[in-house]
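For reference, the structure is listed below as structure tokens.
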Amino acid sequence: MAIARSKLIIAAIIGGTSFALADPGNAQSRAYDWLTVGEPSGEMIVDTDDDGTLSLSFSFNDRGRGPELEAQYRFDENGIPIFIHVEGLNYTKGSVDETFTIENNVAHWDSDGVSGEQPISTSSLYNSGAAATLPEHAAILARALLNDPDQAMPTLPFGELTVQTIETVEFSGPDGVVPATLYALQSSTPYPSYVWLDEDQNLFGTDYGWFAIAPKGMAHAMPIMKEKQDNATDARTAELTNTLRQDASGLVVITNARLFDSLSGDVMRDATVFIHDGVISAVYDGDVDIPDGAKEIDADGKMLMPALWDMHAHIGTNNVFNYLSAGVVNIRDMANDPDYLLRIRRMINKGTIAGPDLHLMGFIDQRSEYSAPTGNLAETLDDAIRFVDWYAQRGFRGIKLYSSINPDWVAPIAEHAHALGMTVLGHIPSSMTAEQAIRAGYDEITHINMLFLNFMNAEEIDTRTPQRFIVPIREGGNLDLESDEVVDFIALMKERNIAHDPTYTIFRSMFVSVPGEVSLEAKRYYENLPEAARQSMIEKEGFNKGLEAEGRESAEVARALIRTLHEEGIRLLPGTDAAYPGFVLLRELELYADAGIPENEVLQLATIESARHLGLDQSLGSITPSKRAHLILVDGDPTRRITDLLKVDLVIKDTAMYKPSEIHETFGITPFE
């Protein structure tokens, strides 16, 4: 699926905001490059007419995905948009036809099947729907806020937005130096979005991680924008860390706990656990004397269990608290900018910022028109082998291959990686089947659609494109799990000890999404999120358009396949690949239980089995003396109700403690009942 921070980035871009103040009588045209890892992959053209009407077109190509949008804005005398119309295609090529108006002090909007109106008594900014996916929209918002005496305005359909000046940088342009200022647009959440404006308060650009937008011909501005924005985000994370992290050094004793033993799957009813300087030192069945000076934590009957693992993550310094608040203390990052990853890991290990432990996978794709948005694009097999060495030398645990890789490269890459003690996993390269990939050296298959495609003439489908989603939606319901080919394939997986990282939640959502409704996979936590965060949980037209019935059938087959794989002894690796990772992991585990896997076995998958898969079960994954204290206290019994994992009361990571309730309050999340 998505790569690196692009999971979060696409959610922000394709939902961010931008707008530029039109000056009547001053017609102008501005052109921008959309950049993927510094290379143009799309454009935005912005035209302002003499009457102040702003028109724009915006499109880019991301592996066959990407928006194709046209928009028109009209403004009042203060630069506030009073008319917006956006039409075209969204990121997944669903149709868009959105209108926003302000007439007689009443705002009206109609977008993605969601319409509404609201009386307004003061200047207000529309910040929703397809308009919020346009890079220009952020500039429009920033400019309006900068021209407001309070630099703050209500936003529609809810919320408030303020603007803060970060710093000004001089960029070299084709006509000389171009000063641009970085602004933070702050809503109710702790992390702002960013936009750069030039001296005329027109959009200069923004970095989105793998992606960026900059004036045409100024791709060299991307790394500078990225550095400045990352520094601002890191500084905010460090501030939150100092506020939310509590000390757990010395001797800590947890009493009166029901203890989940991940090794056996059983529960100890009255446990006392000693932790000394971040290491589990003793576990008792029953009460024991507590030494003077120890920090005692009375669990009061809550369940103590190993912290959770997310085995398909994409870390960013702005989402570390999403993981910690959900009890996720170890993550396997499946694709990210490698230098960025190493920097984050260094900051977490030094304690500069809070965050889960990072276990890194090195990402490799072959350069093509459908390449993944990553800098490590191999032109030749020798390039790919050099990338393997680079990752191995820096402590990456495995290699993730992507869809454009030449199938003939898989065996030599796998042989070289295995010789260095690394695993090989990922997407199945286009024109290759999952069975062929296993025989060529894969140790793990990523995403459940890749298993489906093994039985759907995968060699004839260009799976570099969205066909890797559309074909399983259309044909997955026809898959007979008792057929010889499926039975034989699962037997091969078992024989070769092949694990599977299904990211089931995101694919189930893709199969059954209904535009305008809350995503089925977000309903468990949707109402607890702040209103601003809920917008991204409303479904838009997606890959199942026109295939709704087929998608529902495919979702049921996927559910049965999850159960079958587990029953046949295939190790399932719970992961998210999602923009709201912590809560989505809990939903992933809930869906495993819904598929028929007993709750205690689901918990084992998310704890000891994940640690075993990475060869770390001697130090992590169970509550055992001499292991690191990666623990969570749950106000409920997830061995009977997996959804009780939403009620994590305490998180311990080595010598640090976190209260999810405090994190939730900081992020505007209401408590889970």
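Each chain of the structure tokens is named A, B, ... in the order shown, its residues numbered from 1; ligands are numbered from 1 in display order.
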
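Omitting range 111-123 of chain A and its sequence neighbours fewer than 6 positions away, and counting only C-alpha atoms, the residues within 8 Å are A:Ile80, A:Val96, A:Asp97, A:Glu98, A:Thr99, A:Asn105, A:Gly129, A:Ala130, A:Met153, A:Pro154, A:Pro157, A:Pro515, A:Gly516, A:Lys540, A:Glu541.
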
Which parts of range 81-246 of chain A does DSSP call alpha helix (DSSP H) when run on the backbone here, written out as a PyMOL selection string?
chain A and resi 136-146+222-244

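Of the listed residues (A:Asp617, A:Glu227, A:Glu556, A:Glu199), A:Glu556 comes nearest to Ala595 in chain A; the distances count only C-alpha atoms.
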
Residues near Asp298 in chain A, anyone? I mean within 8 Å using only C-alpha atoms, not counting same-chain ones fewer than 3 positions away, as a ChimeraX atom specification.
/A:254-257

Spatial neighbours of range 356-367 of chain A, 6 Å, only C-alpha atoms, chain gap at least 6 places, as a PDB file with C-alpha atoms, in the first residue's frame:
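Contents of result_17.pdb, freshly written:
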```
ATOM      1  CA  VAL A 329       5.685   0.062  22.044  1.00  0.00           C
ATOM      2  CA  ASN A 330       7.409  -1.763  19.160  1.00  0.00           C
ATOM      3  CA  ILE A 331       6.884  -1.132  15.469  1.00  0.00           C
ATOM      4  CA  ARG A 332       8.369  -2.525  12.301  1.00  0.00           C
ATOM      5  CA  ASP A 333       8.769   0.348   9.866  1.00  0.00           C
ATOM      6  CA  MET A 334       8.109  -1.077   6.419  1.00  0.00           C
ATOM      7  CA  ALA A 335       9.223   1.805   4.208  1.00  0.00           C
ATOM      8  CA  ASN A 376      16.199   3.971  -3.385  1.00  0.00           C
ATOM      9  CA  LEU A 377      15.196   3.198  -6.947  1.00  0.00           C
ATOM     10  CA  ALA A 378      17.483   0.657  -8.580  1.00  0.00           C
ATOM     11  CA  GLU A 379      18.376   1.003 -12.250  1.00  0.00           C
ATOM     12  CA  TYR A 391      20.774  -1.262   4.771  1.00  0.00           C
ATOM     13  CA  PHE A 396      18.090  -2.742   9.096  1.00  0.00           C
ATOM     14  CA  ARG A 397      16.502  -6.131   9.785  1.00  0.00           C
ATOM     15  CA  GLY A 398      15.175  -6.961   6.354  1.00  0.00           C
ATOM     16  CA  ILE A 399      14.486  -5.899   2.797  1.00  0.00           C
ATOM     17  CA  LYS A 400      11.055  -4.941   1.504  1.00  0.00           C
ATOM     18  CA  LEU A 401      10.707  -5.289  -2.269  1.00  0.00           C
ATOM     19  CA  TYR A 402       8.065  -3.417  -4.210  1.00  0.00           C
ATOM     20  CA  SER A 404       8.260  -2.617 -10.031  1.00  0.00           C
ATOM     21  CA  ILE A 405      11.136  -4.971  -9.157  1.00  0.00           C
TER      22      ILE A 405
END
```

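Of the residues listed (A:Thr670, A:Asp289, A:Ala221, A:Leu420), A:Leu420 shows the shortest atom-to-atom separation from Gln393 in chain A; distances use only C-alpha atoms.
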
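For the residues A:Ile663, A:Ile275, A:Leu561, A:Ile506, ranking by smallest atom-to-atom distance to Tyr580 in chain A using only C-alpha atoms places A:Ile506 first.
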
I need the residues of range 380-414 of chain A that end up classed as strand (DSSP E or B) by DSSP on the backbone, written out as a PyMOL selection string.
chain A and resi 398-401

Go ahead and write the residues just picked, C-alpha atoms, as a CSV table (one decimal), in the first residue's frame.
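Just written: selection-v7.csv:
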```
chain,number,residue,atom,x,y,z
A,398,GLY,CA,15.2,-7.0,6.4
A,399,ILE,CA,14.5,-5.9,2.8
A,400,LYS,CA,11.1,-4.9,1.5
A,401,LEU,CA,10.7,-5.3,-2.3
```

In terms of only C-alpha atoms, the residue from A:Leu529, A:Ser626, A:Thr643, A:Asp654 at minimal distance from Gly355 in chain A is A:Asp654

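Considering the residues A:Arg346, A:His416, A:His108, A:Arg612 and counting only C-alpha atoms, Leu156 in chain A has its shortest atom-to-atom contact with A:His108.
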
Compile a residue-level contact table for range 350-419 of chain A against range 442-466 of chain A at a cut-off of 7 Å, reporting for every qualifying residue the shortest atom pair and its distance in Å to one decimal, with only C-alpha atoms counted, rows ordered by chain and ascending number, as CSV.
```
residue,atom,partner,partner_atom,distance
A:Tyr370,CA,A:Arg464,CA,5.9
A:Ser403,CA,A:Arg464,CA,5.2
A:Ser404,CA,A:Arg464,CA,6.1
A:Ala414,CA,A:Tyr442,CA,7.0
```

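Taking only C-alpha atoms into account, Ala656 in chain A lies nearest to A:Ala354 out of the set A:Ala419, A:Ala354, A:Leu573, A:Leu591.
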
For range 308-318 of chain A, list every protein, DNA or RNA residue within 9 Å, evaluated using only C-alpha atoms, and leave out those in the same chain fewer than 2 positions away; present the list as JSON, numbers by chain.
{"A": [2, 3, 4, 5, 6, 7, 8, 191, 230, 233, 234, 236, 237, 305, 306, 320, 321, 322, 323, 326, 327, 328, 329, 330, 331, 332, 333, 334, 335, 336, 340, 341, 344, 353, 354, 355, 358, 446, 501, 503, 573, 574, 575, 576, 577, 578, 579, 581, 582, 585, 603, 605, 606, 607, 610, 611, 621, 630, 631, 632]}

Enter the distance from CA of Asp261 in chain A to CA of Ser622 in chain A, in Å, rounded to one decimal.
6.7 Å

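Our summary of the geometry notes that CA of Ala152 in chain A is positioned 20.4 Å from CA of Phe83 in chain A.
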
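Between CA of Gln535 in chain A and CA of Asp110 in chain A the interatomic distance comes to 13.8 Å.
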